[in-house]
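Heads up, the thing below is written out as structure tokens.
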4 protein chains.
Amino acid sequence: MDYRGIFPPVATPFTASGDVDFNAHRANVARWMATRLRGLVVLGSNGEAAYLAEDEAERLIAVTREGVPRDRLLVAGTGRDATRATGDACRRAAAAGADAVLVRPPMAFKNQMTPDALLRHYTAVADASPVPVLLYNFASAFGVNLATETIVQLAGHPNIIGLKESGGDIAQIGDQVARTPADFVVVVGSAPSLYASLCVGATGAIVAAANLIPEPLIDLFDAVASGDHPRALALQRALTPLARAVTTGWGVPALKAAMTLAGYQGGFPRAPLPPASDSVVQELRRLLTDLPASTGASHVAAAR
Amino acid sequence: MDYRGIFPPVATPFTASGDVDFNAHRANVARWMATRLRGLVVLGSNGEAAYLAEDEAERLIAVTREGVPRDRLLVAGTGRDATRATGDACRRAAAAGADAVLVRPPMAFKNQMTPDALLRHYTAVADASPVPVLLYNFASAFGVNLATETIVQLAGHPNIIGLKESGGDIAQIGDQVARTPADFVVVVGSAPSLYASLCVGATGAIVAAANLIPEPLIDLFDAVASGDHPRALALQRALTPLARAVTTGWGVPALKAAMTLAGYQGGFPRAPLPPASDSVVQELRRLLTDLPASTGASHVAAAR
Amino acid sequence: MDYRGIFPPVATPFTASGDVDFNAHRANVARWMATRLRGLVVLGSNGEAAYLAEDEAERLIAVTREGVPRDRLLVAGTGRDATRATGDACRRAAAAGADAVLVRPPMAFKNQMTPDALLRHYTAVADASPVPVLLYNFASAFGVNLATETIVQLAGHPNIIGLKESGGDIAQIGDQVARTPADFVVVVGSAPSLYASLCVGATGAIVAAANLIPEPLIDLFDAVASGDHPRALALQRALTPLARAVTTGWGVPALKAAMTLAGYQGGFPRAPLPPASDSVVQELRRLLTDLPASTGASHVAAAR
Amino acid sequence: MDYRGIFPPVATPFTASGDVDFNAHRANVARWMATRLRGLVVLGSNGEAAYLAEDEAERLIAVTREGVPRDRLLVAGTGRDATRATGDACRRAAAAGADAVLVRPPMAFKNQMTPDALLRHYTAVADASPVPVLLYNFASAFGVNLATETIVQLAGHPNIIGLKESGGDIAQIGDQVARTPADFVVVVGSAPSLYASLCVGATGAIVAAANLIPEPLIDLFDAVASGDHPRALALQRALTPLARAVTTGWGVPALKAAMTLAGYQGGFPRAPLPPASDSVVQELRRLLTDLPASTGASHVAAAR
């Protein structure tokens, strides 16, 4: 499996009454598949996975698979707090069509989640999963950190093929690449540090902004791959404000509103998340419009 | 409903293979009901609620109710990340026999859990719940803080009857009591600050140590109620080391091991939580044995 | 030396041009000495010690001593980052008339301030100081924590007589009292937790609000000493809002403004601290006026 | 003034009895000046500035200037907690020969150090300083953050020429470069993120490792300048373990020990900092020996 490229951690659209809007999702999948995105990640944080019931999660994977051809990758988030529940979720995801699973660490009993406990947990999950496992580290969001040493140990498991790192500590990302085997996947989760992450050897990226502006992110990836650093840096600077707005700025409500502005069907967030406010929507429209023509002209049509 | 008194947030015993051990639980409930505990709280953090499936949770409430007479209180933890899922859990808990529900805040998207979002969430949950709601604040564990101002606002809802506060900031507890109506329940969740909490007006306590040494905690409560401050302080000092060992010290694994040492059936934790190590068990035995005869003699028999 | 009672960590008044206003300070000292305050603490955090040059600090101690009779205690803050500089400051403070010194931990190189490093530092400082040493713990402000175990070890040094603890964790305060000798002084630094701190055995208090409303704080102390808990709790509740406003609320600028409203000479803060804004001053006036007549009537005259 | 290049934040050697060892320092300066280092920074965190008296600081600048020719830059740390004291320190530093000053933010009263307070402080300091000012941001060490917005505003002051950023958040560094004028200096303070920082546009670096292995750091800088990214990344990976060991790993004691191993005169730290332990010294020797011949052969001679 080739993880070189850009993946959106796809947002899950809800109807105004709070149900999963599978039709809206199908339309989004079709549109993403018309781009050069390497694949899709469902049921990540940006997919409001914490808000979905088990049956909703399972159906979402199956519906997505219908729209994702086999030469693109479909990754499903399957992390749960208990080890057994996580293994079960991996099995269901594989049965529903996922090519791989992305497993966040257990978040309950943070103080007890020592390196040893995490090692045992991920080893048991990887043993149980029918499809390859990507570790997931995002210490500031999860409250649990996967130390580089632990990642290095887990990289030796035959069914653990890589890591998503969503923190922006570039030295840590550099270490993760340098200290794991050459074929260990390191995909990053923070678009504002994408260019720098690729410089230090990251394989690819799973970034929220790819839900709405995939092409300039792919262009950035290609620029680094071809050694065109000035173009990559220019794209990074152009993308950063919008990428930040839909994540650390105003979060999933803004991501969904921006998707809608860009022609996707963002839908509503599920409560307790509120919809984006009018002032946020206006600012998102401005950011979309400001993206220079060279970096994403075709994607801002709907915003004008 | 009278919340004056002591409640254990009961541990959920698992078998060595990781199943809920309902028989062990029944035996524990019977033993707790032989004490003067005011009631039981199931499916709290100490109950490893994060590790239980919905059907296990529901059955645990029903099984517990069988052993808890109607003149004692049965409270069930029903917090989920999504508002709708939380309301559903409240309905199931009520149907299974809970007298009230204890609702932790949503933990996903912490940055978005503003006072307004929490206000809307808890209002919707209280509207949906057939039984009274206790708020639950434990900022350091949940990563989300219920500001006193928010608590004061929520105290106006007819179906929100109180709060469990598990942080040890005594001034904050004092505020919560002083700024809410006289009949608003403030139960505290930290045994090492129990005496001080009662001094500043707390109604009662839901503390892990009550799983294994209920009597000295009840004695402490009674001492404050009768104005015997020297005895209350002496009990507090005697209890603190053990109370801390089974919480901030070594957590749920130690709580379960100490229960077993004290004659309860602690059972195993569920993975990724490991069982307590031998050295921890030895230290727990020492702490149980050290509890002065005056404070809990009958409860340490098994530990000798 | 008897530390039972209330001490203000006195504010240092500056002129509009930023010089120490020794005359204003002399007037404040005279007024404090007309109350039943047990003594004064100069050059603490609230005294803006970090902003004073060595010669200013030395003169402030000497000027204060002139106004503090020998049957009251004068304590001077002498903590510096380097061990040698701290010892030197203790010697100068003693020579200028301090009865004891209050020594904050070194704040540079926080990660290196291990229990061992702190043990060596305080031992060397206590060896060097001609007058007794009070440790000072305020982890959230200093970024360095004195573990209870370290305090217990340092309590064995013949020249270390006590501790000021400014955090509000009441269980920690209880431990500090319970685990040190009976004559080891534990004075607390947070007025909103004063009543609870006295309940668990604190010796006295060094609290900012004592700069402006010493009498109700002394009354609270006396109420606990005489076993009148209901009166102590009532005083605590009456005092808390103002006590918080001049500390965690709006800090030293508010403390100085409130002192002026209460008839003291608060003077200006030194830059970069700004003076309190007009809206803060109005809120302080309201809080002073709201203090019930029973708790501090004579002290709010100036605020009306 | 041209800040393109590498600067060591020079360690201050002390004798075993705790005095500044000016002769050792002179020898170090001479050796640094024999390399292509762009200049020296004295009295930074790594220089234990917090432990030096004002007269020691002044003399250190003067002594350093004697050894630093006018075509190299001499920068002196002059941050103090009070605005006036900081301005005074800038004047003394300029008089003693500094080309520019590096000003850390005030660390007292962190909660009061709002963007407005920092804006006023730095503006007053820049007005007072006879030589240009570099801002200094290191939120995790100082407990105060200079928001990018504040930096952008301060960049408009004619005597504020740049910023040292020591955090490793690469997106923040990218922003600082992108949002300030082209001639605004952004020097970074974290060697493990040096390559990535240069990719996103940093001007140069002030990094502890330059005290002992200046040449490979200069080579890395040159590699990026000439567009040789593969060589830059290889150098980064080779340097990172040692660079981390002498900073986040074991701090200033390790930095001094490693300097001595590399042929410089590291001297002793000042108490309360302890000297590096034997096991740390052994590990440092290993790290120095492991540096591949291609990246710093001549600098590890002393370590063998």
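Chain labels A, B, ... are given in the sequence in which chains occur in the structure tokens; within each chain residues are numbered consecutively from 1, and ligands are likewise numbered from 1 in the order shown.
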(Q) Which residues are near range 104-120 of chain D? Cut-off 9 Å, only C-alpha atoms, ignore same chain within fewer than 5 positions. Put them as a PyMOL selection string. (A) (chain C and resi 45+48+50-51+141-142+248+250-252+271-274) or (chain D and resi 44+77-83+125+134-138+142-147+149-151+153-154)
Q: Compute the set of chain D residues within 7 Å of chain A, using only C-alpha atoms, and express it as an NGL selection string.
A: :D and (168-171 or 192-193 or 196 or 199-200 or 233)
Now that the selection is made, can you save its residues with all heavy atoms as an mmCIF file, in the first residue's frame?
```
data_model
loop_
_atom_site.group_PDB
_atom_site.id
_atom_site.type_symbol
_atom_site.label_atom_id
_atom_site.label_comp_id
_atom_site.auth_asym_id
_atom_site.auth_seq_id
_atom_site.Cartn_x
_atom_site.Cartn_y
_atom_site.Cartn_z
ATOM 1 N N GLY D 168 9.533 24.712 19.233
ATOM 2 C CA GLY D 168 9.748 23.889 18.049
ATOM 3 C C GLY D 168 8.524 23.784 17.152
ATOM 4 O O GLY D 168 8.454 22.910 16.295
ATOM 5 N N ASP D 169 7.542 24.673 17.332
ATOM 6 C CA ASP D 169 6.327 24.620 16.514
ATOM 7 C C ASP D 169 6.628 25.250 15.154
ATOM 8 O O ASP D 169 6.669 26.462 15.001
ATOM 9 C CB ASP D 169 5.208 25.383 17.237
ATOM 10 C CG ASP D 169 3.903 25.356 16.464
ATOM 11 O OD1 ASP D 169 3.922 25.216 15.212
ATOM 12 O OD2 ASP D 169 2.842 25.502 17.084
ATOM 13 N N ILE D 170 6.829 24.400 14.176
ATOM 14 C CA ILE D 170 7.320 24.860 12.881
ATOM 15 C C ILE D 170 6.309 25.749 12.159
ATOM 16 O O ILE D 170 6.691 26.651 11.405
ATOM 17 C CB ILE D 170 7.733 23.652 12.010
ATOM 18 C CG1 ILE D 170 8.625 24.106 10.863
ATOM 19 C CG2 ILE D 170 6.521 22.903 11.484
ATOM 20 C CD1 ILE D 170 9.974 24.581 11.307
ATOM 21 N N ALA D 171 5.021 25.521 12.385
ATOM 22 C CA ALA D 171 4.026 26.353 11.718
ATOM 23 C C ALA D 171 4.076 27.784 12.280
ATOM 24 O O ALA D 171 3.895 28.759 11.552
ATOM 25 C CB ALA D 171 2.630 25.764 11.892
ATOM 26 N N PRO D 192 17.304 20.768 17.022
ATOM 27 C CA PRO D 192 16.663 19.628 16.363
ATOM 28 C C PRO D 192 15.685 20.039 15.260
ATOM 29 O O PRO D 192 15.327 19.220 14.422
ATOM 30 C CB PRO D 192 15.940 18.902 17.511
ATOM 31 C CG PRO D 192 16.738 19.263 18.733
ATOM 32 C CD PRO D 192 17.155 20.690 18.491
ATOM 33 N N SER D 193 15.231 21.285 15.257
ATOM 34 C CA SER D 193 14.339 21.732 14.179
ATOM 35 C C SER D 193 15.022 22.751 13.274
ATOM 36 O O SER D 193 14.350 23.493 12.562
ATOM 37 C CB SER D 193 13.032 22.286 14.755
ATOM 38 O OG SER D 193 13.274 23.260 15.727
ATOM 39 N N ALA D 196 14.358 22.238 9.299
ATOM 40 C CA ALA D 196 12.981 22.598 8.939
ATOM 41 C C ALA D 196 12.764 24.103 9.087
ATOM 42 O O ALA D 196 12.044 24.720 8.291
ATOM 43 C CB ALA D 196 11.992 21.823 9.812
ATOM 44 N N CYS D 199 14.084 25.818 6.143
ATOM 45 C CA CYS D 199 13.187 25.587 4.999
ATOM 46 C C CYS D 199 12.061 26.616 4.973
ATOM 47 O O CYS D 199 11.688 27.123 3.921
ATOM 48 C CB CYS D 199 12.582 24.183 5.062
ATOM 49 S SG CYS D 199 13.748 22.874 4.622
ATOM 50 N N VAL D 200 11.482 26.906 6.128
ATOM 51 C CA VAL D 200 10.339 27.822 6.135
ATOM 52 C C VAL D 200 10.776 29.278 6.248
ATOM 53 O O VAL D 200 9.942 30.164 6.426
ATOM 54 C CB VAL D 200 9.321 27.470 7.242
ATOM 55 C CG1 VAL D 200 8.792 26.041 7.053
ATOM 56 C CG2 VAL D 200 9.889 27.658 8.642
ATOM 57 N N LEU D 233 19.427 17.486 5.383
ATOM 58 C CA LEU D 233 18.662 16.539 6.191
ATOM 59 C C LEU D 233 19.587 15.500 6.832
ATOM 60 O O LEU D 233 19.421 15.129 8.000
ATOM 61 C CB LEU D 233 17.595 15.857 5.325
ATOM 62 C CG LEU D 233 16.698 14.838 6.041
ATOM 63 C CD1 LEU D 233 16.035 15.424 7.269
ATOM 64 C CD2 LEU D 233 15.629 14.305 5.079
#
```
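Atom pair CA of Pro253 in chain C / CA of Gln176 in chain B: separated by 27.1 Å.
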Q) CA of Phe7 in chain D to CA of Arg65 in chain D: how many Å, to one decimal? A)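 Pair CA of Phe7 in chain D / CA of Arg65 in chain D returns 14.7 Å.
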Q: Can you list, as JSON, numbers by chain, all residues belonging to range 59-205 of chain B that DSSP tags as strand (DSSP E)?
A: {"B": [73, 74, 75, 76, 77, 100, 101, 102, 103, 133, 134, 135, 136, 137, 160, 161, 162, 163, 164, 165, 185, 186, 187, 188, 204, 205]}
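The gap separating CA of Ala34 in chain A from CA of Val224 in chain A is 22.7 Å, in Å to one decimal.
Compared by their closest atoms to Asp55 in chain B, and using only C-alpha atoms, the residues B:Thr148, B:Ile213, B:Ala93, B:Ala98 rank with B:Ala93 nearest.
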Q. Got a sec to tell me which of range 122-304 of chain B DSSP assigns to helix (DSSP H, G or I), as an MDAnalysis selection string?
A. chainID B and resid 122:128 139:142 148:154 170:179 191:199 208:211 214:225 229:249 251:261 278:290 293:299 301:303
Q: Find the spatial neighbours of Arg26 in chain C, counting only C-alpha atoms, within a cut-off of 10 Å - ignore same-chain residues fewer than 3 positions away - and output them as a ChimeraX atom specification.
A: /C:21-23,29-32,60,63-67,265
Written file, previous selection with N, CA and C atoms, as a PDB file, in the first residue's frame:
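After the write, part.pdb holds the following:
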```
ATOM      1  N   ASP C  21       7.788  54.338  47.012  1.00  0.00           N
ATOM      2  CA  ASP C  21       7.260  55.450  47.811  1.00  0.00           C
ATOM      3  C   ASP C  21       7.359  55.047  49.294  1.00  0.00           C
ATOM      4  N   PHE C  22       8.517  55.322  49.865  1.00  0.00           N
ATOM      5  CA  PHE C  22       8.773  54.876  51.247  1.00  0.00           C
ATOM      6  C   PHE C  22       7.847  55.562  52.245  1.00  0.00           C
ATOM      7  N   ASN C  23       7.472  56.797  51.962  1.00  0.00           N
ATOM      8  CA  ASN C  23       6.574  57.477  52.904  1.00  0.00           C
ATOM      9  C   ASN C  23       5.182  56.833  52.920  1.00  0.00           C
ATOM     10  N   VAL C  29       2.398  50.849  57.107  1.00  0.00           N
ATOM     11  CA  VAL C  29       2.908  50.037  58.221  1.00  0.00           C
ATOM     12  C   VAL C  29       2.279  50.500  59.537  1.00  0.00           C
ATOM     13  N   ALA C  30       2.228  51.801  59.713  1.00  0.00           N
ATOM     14  CA  ALA C  30       1.654  52.333  60.954  1.00  0.00           C
ATOM     15  C   ALA C  30       0.195  51.887  61.110  1.00  0.00           C
ATOM     16  N   ARG C  31      -0.525  51.933  59.994  1.00  0.00           N
ATOM     17  CA  ARG C  31      -1.927  51.545  60.064  1.00  0.00           C
ATOM     18  C   ARG C  31      -2.086  50.047  60.325  1.00  0.00           C
ATOM     19  N   TRP C  32      -1.262  49.231  59.670  1.00  0.00           N
ATOM     20  CA  TRP C  32      -1.335  47.786  59.928  1.00  0.00           C
ATOM     21  C   TRP C  32      -1.002  47.492  61.393  1.00  0.00           C
ATOM     22  N   LEU C  60      13.833  48.736  51.983  1.00  0.00           N
ATOM     23  CA  LEU C  60      12.433  48.486  52.337  1.00  0.00           C
ATOM     24  C   LEU C  60      12.331  47.686  53.642  1.00  0.00           C
ATOM     25  N   VAL C  63      13.255  50.121  56.559  1.00  0.00           N
ATOM     26  CA  VAL C  63      12.183  51.093  56.809  1.00  0.00           C
ATOM     27  C   VAL C  63      10.993  50.412  57.493  1.00  0.00           C
ATOM     28  N   THR C  64      10.686  49.201  57.063  1.00  0.00           N
ATOM     29  CA  THR C  64       9.562  48.486  57.673  1.00  0.00           C
ATOM     30  C   THR C  64       9.859  48.160  59.140  1.00  0.00           C
ATOM     31  N   ARG C  65      11.081  47.706  59.379  1.00  0.00           N
ATOM     32  CA  ARG C  65      11.458  47.335  60.755  1.00  0.00           C
ATOM     33  C   ARG C  65      11.244  48.507  61.719  1.00  0.00           C
ATOM     34  N   GLU C  66      11.512  49.716  61.252  1.00  0.00           N
ATOM     35  CA  GLU C  66      11.309  50.904  62.110  1.00  0.00           C
ATOM     36  C   GLU C  66       9.887  50.973  62.637  1.00  0.00           C
ATOM     37  N   GLY C  67       8.939  50.474  61.831  1.00  0.00           N
ATOM     38  CA  GLY C  67       7.540  50.585  62.226  1.00  0.00           C
ATOM     39  C   GLY C  67       6.947  49.319  62.832  1.00  0.00           C
ATOM     40  N   GLN C 265      -2.445  53.397  51.337  1.00  0.00           N
ATOM     41  CA  GLN C 265      -1.818  54.067  50.198  1.00  0.00           C
ATOM     42  C   GLN C 265      -1.247  52.994  49.268  1.00  0.00           C
TER      43      GLN C 265
END
```
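By chain and then residue number, the residues within 8 Å of range 160-162 of chain A are A:Ala126, A:Pro132, A:Val133, A:Leu134, A:Leu135, A:Leu154, A:Ala155, A:Asp183, A:Phe184, A:Val185, A:Val186, A:Val187, counting only C-alpha atoms and disregarding those fewer than 5 positions away in sequence.
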Output N, CA, C and O atoms for every residue in that selection, as a compact mmCIF listing (two decimals), in the first residue's frame.
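After the write, result-v2.txt holds the following:
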```txt
# COMPACT_ATOMS: atom_id res chain seq x y z
N ALA A 126 -3.15 -5.04 17.04
CA ALA A 126 -2.55 -5.42 15.75
C ALA A 126 -2.67 -6.92 15.53
O ALA A 126 -2.84 -7.38 14.39
N PRO A 132 -3.97 -3.96 8.06
CA PRO A 132 -2.85 -3.26 8.69
C PRO A 132 -3.30 -2.08 9.57
O PRO A 132 -4.32 -1.45 9.31
N VAL A 133 -2.47 -1.82 10.58
CA VAL A 133 -2.77 -0.79 11.59
C VAL A 133 -1.83 0.40 11.43
O VAL A 133 -0.62 0.23 11.28
N LEU A 134 -2.44 1.59 11.47
CA LEU A 134 -1.67 2.83 11.61
C LEU A 134 -1.85 3.33 13.04
O LEU A 134 -2.98 3.49 13.50
N LEU A 135 -0.75 3.58 13.74
CA LEU A 135 -0.82 4.22 15.05
C LEU A 135 -1.30 5.65 14.87
O LEU A 135 -1.23 6.21 13.77
N LEU A 154 6.90 -0.60 18.39
CA LEU A 154 5.71 -1.10 17.71
C LEU A 154 5.93 -1.26 16.21
O LEU A 154 5.27 -2.08 15.55
N ALA A 155 6.85 -0.47 15.66
CA ALA A 155 7.12 -0.57 14.22
C ALA A 155 7.65 -1.96 13.85
O ALA A 155 7.64 -2.33 12.67
N ASP A 183 10.30 1.70 5.19
CA ASP A 183 8.95 1.49 4.66
C ASP A 183 7.86 1.76 5.71
O ASP A 183 6.68 1.50 5.46
N PHE A 184 8.25 2.25 6.89
CA PHE A 184 7.24 2.60 7.90
C PHE A 184 6.63 3.94 7.50
O PHE A 184 7.33 4.92 7.24
N VAL A 185 5.31 3.95 7.42
CA VAL A 185 4.58 5.13 6.97
C VAL A 185 4.49 6.17 8.08
O VAL A 185 4.11 5.83 9.20
N VAL A 186 4.87 7.40 7.80
CA VAL A 186 4.65 8.51 8.74
C VAL A 186 3.82 9.57 8.02
O VAL A 186 4.33 10.33 7.21
N VAL A 187 2.52 9.55 8.31
CA VAL A 187 1.65 10.56 7.70
C VAL A 187 1.35 11.62 8.77
O VAL A 187 1.16 11.29 9.94
```
